[in-house]
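Q: Got a structure here, written out as structure tokens. Questions coming.
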Amino acid sequence: MTKTIRNWKTAGLTDDFIFNKVMLDEEICLEVIRRVLPDLDIQKIEIPNAQKEMKFAPDAKGIRFDIYTKDAHNNRYDVEMQMENKTNLIKRMRYYQAVNALDSYEKGKDYLKANDSYVIFFLLF
């Protein structure tokens with residue numbers, strides 16, 4: 001007997017679970033970052049973290065990066081999959097960038113010595 005399954009949604013990279021599983025593969029994540037930022041010539045990244053939470057002060061808004069990693073030069077990368085437009089994207093990206101870069105600035109260290117940080121948003125709208 002054959003059953004017909006109706007309303008079955010095929011999962012793809014836009015599915016949060018699938019996106020995280022795929023991007024947790026170090027080689028795939030590195031290749032995605034290389035293709036988005038080809039001028040950086042990134043050779044190696046740390047094993048990516050999924051759903052990394054960051055908060056820089058007890059009363060500050062916390063964030064959760066979809067995929068977070070660093071390269072050999074301690075530059076930081078956040079890769080996000082955005083399904084819908086909540087009309088706050090520009091300010092949200094600015095906040096993600098600020099939090100991502102925050103610990104690059106050590107007391108007494110020249111601003112020019114701070115590591116770089118990159119926030120990559122894949123938008124489906």
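Just remember, in the structure tokens the first chain shown is A, the second B, etc., residues are 1-based per chain, and ligands are 1-based in the order shown.
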From range 36-117 of chain A, collect each residue whose DSSP state is helix (DSSP H, G or I) and return the set as a PyMOL selection string.
A: chain A and resi 36+38-40+89-104+111-113
Q: One decimal, Å: what's the distance from CA of Arg92 in chain A over to CA of Gly62 in chain A, could you say?
A: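 Distance between the two atoms: 11.6 Å.
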Q: For range 1-87 of chain A against range 97-115 of chain A, with a cut-off of 9 Å and counting only C-alpha atoms, what is the closest atom pair and its distance in Å to one decimal for every residue that makes the cut, ordered by chain and number, as JSON lines?
A:
```
{"residue": "A:Met54", "atom": "CA", "partner": "A:Val99", "partner_atom": "CA", "distance": 7.3}
{"residue": "A:Lys55", "atom": "CA", "partner": "A:Val99", "partner_atom": "CA", "distance": 7.5}
{"residue": "A:Phe56", "atom": "CA", "partner": "A:Val99", "partner_atom": "CA", "distance": 7.1}
{"residue": "A:Gly62", "atom": "CA", "partner": "A:Val99", "partner_atom": "CA", "distance": 9.0}
{"residue": "A:Ile63", "atom": "CA", "partner": "A:Val99", "partner_atom": "CA", "distance": 8.3}
{"residue": "A:His73", "atom": "CA", "partner": "A:Asn115", "partner_atom": "CA", "distance": 7.5}
{"residue": "A:Asn74", "atom": "CA", "partner": "A:Asn115", "partner_atom": "CA", "distance": 6.3}
{"residue": "A:Asn75", "atom": "CA", "partner": "A:Asn115", "partner_atom": "CA", "distance": 5.2}
{"residue": "A:Arg76", "atom": "CA", "partner": "A:Asn100", "partner_atom": "CA", "distance": 6.9}
{"residue": "A:Tyr77", "atom": "CA", "partner": "A:Asn100", "partner_atom": "CA", "distance": 7.8}
{"residue": "A:Asp78", "atom": "CA", "partner": "A:Asn100", "partner_atom": "CA", "distance": 7.6}
```
Q: Kindly save the residues from that selection, with C-alpha atoms included, as a short mmCIF file (atom, residue, chain, number, x, y, z; two decimals), in the first residue's frame.
A:
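Below you can see result37.cif, which holds the result:
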```cif
data_model
loop_
_atom_site.label_atom_id
_atom_site.label_comp_id
_atom_site.auth_asym_id
_atom_site.auth_seq_id
_atom_site.Cartn_x
_atom_site.Cartn_y
_atom_site.Cartn_z
CA MET A 54 26.79 37.17 22.81
CA LYS A 55 25.97 39.94 25.22
CA PHE A 56 28.38 42.67 26.23
CA GLY A 62 21.80 39.98 23.53
CA ILE A 63 22.16 38.42 20.09
CA HIS A 73 44.39 36.08 12.26
CA ASN A 74 41.58 36.20 14.84
CA ASN A 75 39.23 38.00 12.44
CA ARG A 76 35.59 37.19 13.24
CA TYR A 77 32.82 36.03 10.91
CA ASP A 78 29.08 35.85 11.49
#
```
Q: Provide the CA of Asp25 in chain A to CA of Val79 in chain A distance in Å, to one decimal place.
A: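 Between CA of Asp25 in chain A and CA of Val79 in chain A the gap works out to 13.2 Å.
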Q: Which value, in Å to one decimal, gives the distance between CA of Ser117 in chain A and CA of Lys91 in chain A?
A: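 Rounded to one decimal, the two atoms are 16.5 Å apart.
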